file data32.txt (compact mmCIF, N, CA and C atoms)
# COMPACT_ATOMS: atom_id res chain seq x y z
N MET A 1 8.27 -3.34 19.04
CA MET A 1 7.78 -2.07 18.51
C MET A 1 7.93 -2.06 16.99
N VAL A 2 7.08 -1.28 16.39
CA VAL A 2 7.10 -1.12 14.95
C VAL A 2 7.90 0.14 14.63
N ALA A 3 8.52 0.17 13.45
CA ALA A 3 9.35 1.31 13.07
C ALA A 3 8.57 2.62 13.10
N SER A 4 7.31 2.58 12.75
CA SER A 4 6.51 3.82 12.75
C SER A 4 6.37 4.39 14.16
N GLU A 5 6.37 3.53 15.17
CA GLU A 5 6.31 4.02 16.55
C GLU A 5 7.59 4.75 16.92
N PHE A 6 8.72 4.26 16.44
CA PHE A 6 9.99 4.94 16.69
C PHE A 6 10.04 6.27 15.94
N ARG A 7 9.47 6.31 14.75
CA ARG A 7 9.51 7.55 13.96
C ARG A 7 8.68 8.66 14.61
N ASP A 8 7.70 8.29 15.41
CA ASP A 8 6.87 9.28 16.10
C ASP A 8 7.56 9.84 17.34
N MET A 9 8.67 9.25 17.76
CA MET A 9 9.39 9.67 18.96
C MET A 9 10.46 10.71 18.62
N THR A 10 10.86 11.45 19.64
CA THR A 10 11.98 12.36 19.48
C THR A 10 13.28 11.57 19.63
N ASP A 11 14.40 12.18 19.25
CA ASP A 11 15.69 11.51 19.37
C ASP A 11 15.99 11.12 20.81
N ARG A 12 15.66 12.00 21.71
CA ARG A 12 15.92 11.71 23.14
C ARG A 12 15.09 10.52 23.62
N GLU A 13 13.83 10.46 23.20
CA GLU A 13 12.98 9.34 23.59
C GLU A 13 13.51 8.03 23.01
N ILE A 14 13.98 8.09 21.78
CA ILE A 14 14.53 6.89 21.15
C ILE A 14 15.79 6.43 21.90
N ASN A 15 16.65 7.38 22.24
CA ASN A 15 17.86 7.02 22.98
C ASN A 15 17.53 6.42 24.34
N ASP A 16 16.52 6.96 25.01
CA ASP A 16 16.08 6.39 26.29
C ASP A 16 15.54 4.98 26.09
N ARG A 17 14.79 4.79 25.02
CA ARG A 17 14.22 3.46 24.73
C ARG A 17 15.34 2.47 24.40
N ILE A 18 16.35 2.91 23.67
CA ILE A 18 17.49 2.04 23.35
C ILE A 18 18.18 1.60 24.64
N ARG A 19 18.37 2.55 25.54
CA ARG A 19 19.02 2.21 26.82
C ARG A 19 18.20 1.17 27.57
N ASP A 20 16.89 1.36 27.62
CA ASP A 20 16.02 0.41 28.31
C ASP A 20 16.06 -0.97 27.63
N LEU A 21 16.03 -0.97 26.31
CA LEU A 21 16.06 -2.24 25.58
C LEU A 21 17.38 -2.98 25.80
N ARG A 22 18.47 -2.24 25.84
CA ARG A 22 19.77 -2.88 26.07
C ARG A 22 19.87 -3.46 27.47
N GLU A 23 19.28 -2.78 28.45
CA GLU A 23 19.23 -3.32 29.81
C GLU A 23 18.40 -4.60 29.84
N GLN A 24 17.27 -4.56 29.13
CA GLN A 24 16.41 -5.73 29.07
C GLN A 24 17.12 -6.89 28.38
N LEU A 25 17.85 -6.58 27.31
CA LEU A 25 18.61 -7.59 26.60
C LEU A 25 19.66 -8.23 27.50
N PHE A 26 20.34 -7.42 28.28
CA PHE A 26 21.34 -7.93 29.21
C PHE A 26 20.70 -8.89 30.21
N LYS A 27 19.57 -8.47 30.77
CA LYS A 27 18.88 -9.31 31.76
C LYS A 27 18.41 -10.62 31.14
N LEU A 28 17.89 -10.55 29.92
CA LEU A 28 17.42 -11.76 29.26
C LEU A 28 18.57 -12.72 28.97
N ARG A 29 19.70 -12.18 28.51
CA ARG A 29 20.87 -13.04 28.26
C ARG A 29 21.37 -13.67 29.54
N PHE A 30 21.35 -12.89 30.61
CA PHE A 30 21.79 -13.41 31.91
C PHE A 30 20.86 -14.53 32.38
N GLN A 31 19.55 -14.32 32.24
CA GLN A 31 18.58 -15.33 32.64
C GLN A 31 18.72 -16.59 31.80
N LYS A 32 18.98 -16.41 30.52
CA LYS A 32 19.15 -17.56 29.63
C LYS A 32 20.38 -18.37 30.04
N THR A 33 21.45 -17.66 30.33
CA THR A 33 22.70 -18.33 30.70
C THR A 33 22.56 -19.09 32.01
N THR A 34 21.90 -18.49 32.98
CA THR A 34 21.76 -19.12 34.29
C THR A 34 20.59 -20.10 34.34
N GLY A 35 19.77 -20.11 33.32
CA GLY A 35 18.65 -21.03 33.27
C GLY A 35 17.50 -20.66 34.18
N LEU A 36 17.41 -19.40 34.54
CA LEU A 36 16.37 -18.96 35.47
C LEU A 36 15.01 -18.78 34.81
N SER A 37 15.00 -18.51 33.54
CA SER A 37 13.74 -18.18 32.90
C SER A 37 13.66 -18.82 31.52
N GLY A 38 12.47 -19.06 31.07
CA GLY A 38 12.26 -19.60 29.74
C GLY A 38 11.95 -18.51 28.74
N SER A 39 12.42 -17.31 28.99
CA SER A 39 12.11 -16.17 28.12
C SER A 39 13.15 -15.98 27.02
N ALA A 40 13.78 -17.06 26.60
CA ALA A 40 14.78 -16.97 25.55
C ALA A 40 14.16 -16.55 24.22
N ALA A 41 12.88 -16.77 24.05
CA ALA A 41 12.20 -16.39 22.81
C ALA A 41 12.11 -14.88 22.65
N LYS A 42 12.24 -14.13 23.74
CA LYS A 42 12.17 -12.67 23.67
C LYS A 42 13.47 -12.06 23.14
N LEU A 43 14.57 -12.78 23.22
CA LEU A 43 15.87 -12.24 22.81
C LEU A 43 15.87 -11.69 21.38
N PRO A 44 15.45 -12.47 20.39
CA PRO A 44 15.47 -11.92 19.02
C PRO A 44 14.59 -10.69 18.84
N SER A 45 13.46 -10.68 19.52
CA SER A 45 12.54 -9.54 19.42
C SER A 45 13.17 -8.27 19.98
N VAL A 46 13.81 -8.38 21.12
CA VAL A 46 14.46 -7.21 21.74
C VAL A 46 15.63 -6.75 20.89
N ARG A 47 16.39 -7.70 20.36
CA ARG A 47 17.51 -7.36 19.49
C ARG A 47 17.04 -6.58 18.26
N ARG A 48 15.94 -7.03 17.68
CA ARG A 48 15.39 -6.35 16.50
C ARG A 48 14.90 -4.94 16.84
N ASP A 49 14.31 -4.79 18.01
CA ASP A 49 13.85 -3.47 18.43
C ASP A 49 15.01 -2.49 18.58
N VAL A 50 16.13 -2.97 19.14
CA VAL A 50 17.32 -2.13 19.25
C VAL A 50 17.80 -1.73 17.86
N ALA A 51 17.83 -2.69 16.95
CA ALA A 51 18.29 -2.41 15.59
C ALA A 51 17.36 -1.42 14.89
N ARG A 52 16.05 -1.57 15.08
CA ARG A 52 15.10 -0.63 14.47
C ARG A 52 15.32 0.79 14.98
N ALA A 53 15.49 0.91 16.28
CA ALA A 53 15.68 2.24 16.88
C ALA A 53 16.97 2.88 16.36
N LEU A 54 18.04 2.10 16.30
CA LEU A 54 19.31 2.63 15.81
C LEU A 54 19.21 3.02 14.34
N THR A 55 18.45 2.26 13.57
CA THR A 55 18.26 2.56 12.15
C THR A 55 17.52 3.88 11.98
N ILE A 56 16.49 4.11 12.76
CA ILE A 56 15.73 5.36 12.67
C ILE A 56 16.62 6.55 13.02
N LEU A 57 17.44 6.41 14.06
CA LEU A 57 18.36 7.49 14.42
C LEU A 57 19.34 7.77 13.29
N ARG A 58 19.85 6.72 12.67
CA ARG A 58 20.80 6.90 11.57
C ARG A 58 20.13 7.56 10.37
N GLU A 59 18.89 7.18 10.08
CA GLU A 59 18.15 7.81 8.99
C GLU A 59 18.02 9.31 9.23
N ARG A 60 17.76 9.68 10.46
CA ARG A 60 17.62 11.10 10.80
C ARG A 60 18.94 11.85 10.66
N GLN A 61 20.04 11.19 10.95
CA GLN A 61 21.35 11.83 10.80
C GLN A 61 21.66 12.07 9.33
N LEU A 62 21.29 11.12 8.49
CA LEU A 62 21.62 11.22 7.07
C LEU A 62 20.63 12.06 6.27
N ALA A 63 19.42 12.22 6.75
CA ALA A 63 18.38 12.93 6.01
C ALA A 63 18.75 14.37 5.65
N PRO A 64 19.26 15.20 6.55
CA PRO A 64 19.58 16.57 6.16
C PRO A 64 20.69 16.65 5.11
N ALA A 65 21.64 15.75 5.16
CA ALA A 65 22.75 15.79 4.22
C ALA A 65 22.31 15.40 2.82
N GLY A 66 21.37 14.49 2.69
CA GLY A 66 20.96 14.01 1.39
C GLY A 66 19.62 14.55 0.93
N ALA A 67 19.05 15.50 1.63
CA ALA A 67 17.71 15.99 1.31
C ALA A 67 17.65 16.67 -0.06
N GLY A 68 18.65 17.43 -0.40
CA GLY A 68 18.63 18.14 -1.67
C GLY A 68 19.39 17.44 -2.78
N ALA A 69 19.91 16.28 -2.54
CA ALA A 69 20.74 15.58 -3.52
C ALA A 69 19.95 15.18 -4.76
N GLY A 70 18.70 14.83 -4.61
CA GLY A 70 17.89 14.41 -5.75
C GLY A 70 17.46 15.57 -6.63
N ASP A 71 17.52 16.78 -6.12
CA ASP A 71 17.06 17.95 -6.88
C ASP A 71 18.14 18.52 -7.80
N THR A 72 19.36 18.05 -7.73
CA THR A 72 20.43 18.63 -8.50
C THR A 72 20.67 17.93 -9.83
N ALA A 73 19.82 16.97 -10.19
CA ALA A 73 19.98 16.26 -11.46
C ALA A 73 19.69 17.23 -12.62
N PRO A 74 20.48 17.15 -13.67
CA PRO A 74 20.24 18.04 -14.81
C PRO A 74 18.93 17.70 -15.50
N ALA A 75 18.28 18.73 -16.02
CA ALA A 75 17.00 18.54 -16.71
C ALA A 75 17.25 17.92 -18.07
N ALA A 76 16.38 17.01 -18.45
CA ALA A 76 16.50 16.35 -19.77
C ALA A 76 16.04 17.32 -20.84
N THR A 77 16.75 17.38 -21.94
CA THR A 77 16.36 18.26 -23.05
C THR A 77 16.07 17.53 -24.29
call {"tool": "encode", "arguments": {"input": "data32.txt", "output": "structure tokens"}}
result
Amino acid sequence: MVASEFRDMTDREINDRIRDLREQLFKLRFQKTTGLSGSAAKLPSVRRDVARALTILRERQLAPAGAGAGDTAPAAT
């Protein structure tokens, strides 16, 4: 998934997607370890998707706190 797709989702949808991705990651690691599947190439992609989703959630947590921080700079005279 692309970051813009995560930004279009609600927090709840992102959390649900993270849960699904982590389950998928677990299954892929298990398959890789047991040698059942050749889908080891998907591991980095799923890991990055989890990281993207967590990053978007963190951005949303920090946005209200820092929203007005740039407006408090003194005016140049």
call {"tool": "atom_distance", "arguments": {"input": "data32.txt", "atom1": "atom C of Ala40 in chain A", "atom2": "atom N of Leu28 in chain A"}}
result
9.1 Å
call {"tool": "atom_distance", "arguments": {"input": "data32.txt", "atom1": "CA of Asn15 in chain A", "atom2": "CA of Leu62 in chain A"}}
result
16.9 Å
call {"tool": "closest_residue", "arguments": {"input": "data32.txt", "among": "A:Ile18, A:Lys27, A:Met9, A:Ser4", "to": "Leu54 in chain A", "atoms": "all atoms listed in the file"}}
result
A:Ile18
call {"tool": "residues_around", "arguments": {"input": "data32.txt", "residues": "Arg29 in chain A", "least_positions_apart": "4", "cutoff": "8 Å", "atoms": "all atoms listed in the file", "output": "PyMOL selection string"}}
result
chain A and resi 23-25+33-35+39-40+43
call {"tool": "select_by_dssp", "arguments": {"input": "data32.txt", "residues": "chain A", "states": "helix (DSSP H, G or I)", "output": "ChimeraX atom specification"}}
result
/A:3-7,11-34,39-66,69-72
call {"tool": "atom_distance", "arguments": {"input": "data32.txt", "atom1": "atom N of Pro64 in chain A", "atom2": "CA of Met1 in chain A"}}
result
23.9 Å
call {"tool": "closest_residue", "arguments": {"input": "data32.txt", "among": "A:Arg12, A:Phe6, A:Leu21, A:Phe26", "to": "Ile56 in chain A", "atoms": "only N, CA and C atoms"}}
result
A:Phe6
call {"tool": "closest_residue", "arguments": {"input": "data32.txt", "among": "A:Asp11, A:Phe30, A:Arg58, A:Arg22", "to": "Val46 in chain A", "atoms": "all atoms listed in the file"}}
result
A:Arg22
call {"tool": "closest_residue", "arguments": {"input": "data32.txt", "among": "A:Ala41, A:Ala53, A:Ile14, A:Leu36", "to": "Val2 in chain A", "atoms": "all atoms listed in the file"}}
result
A:Ala53
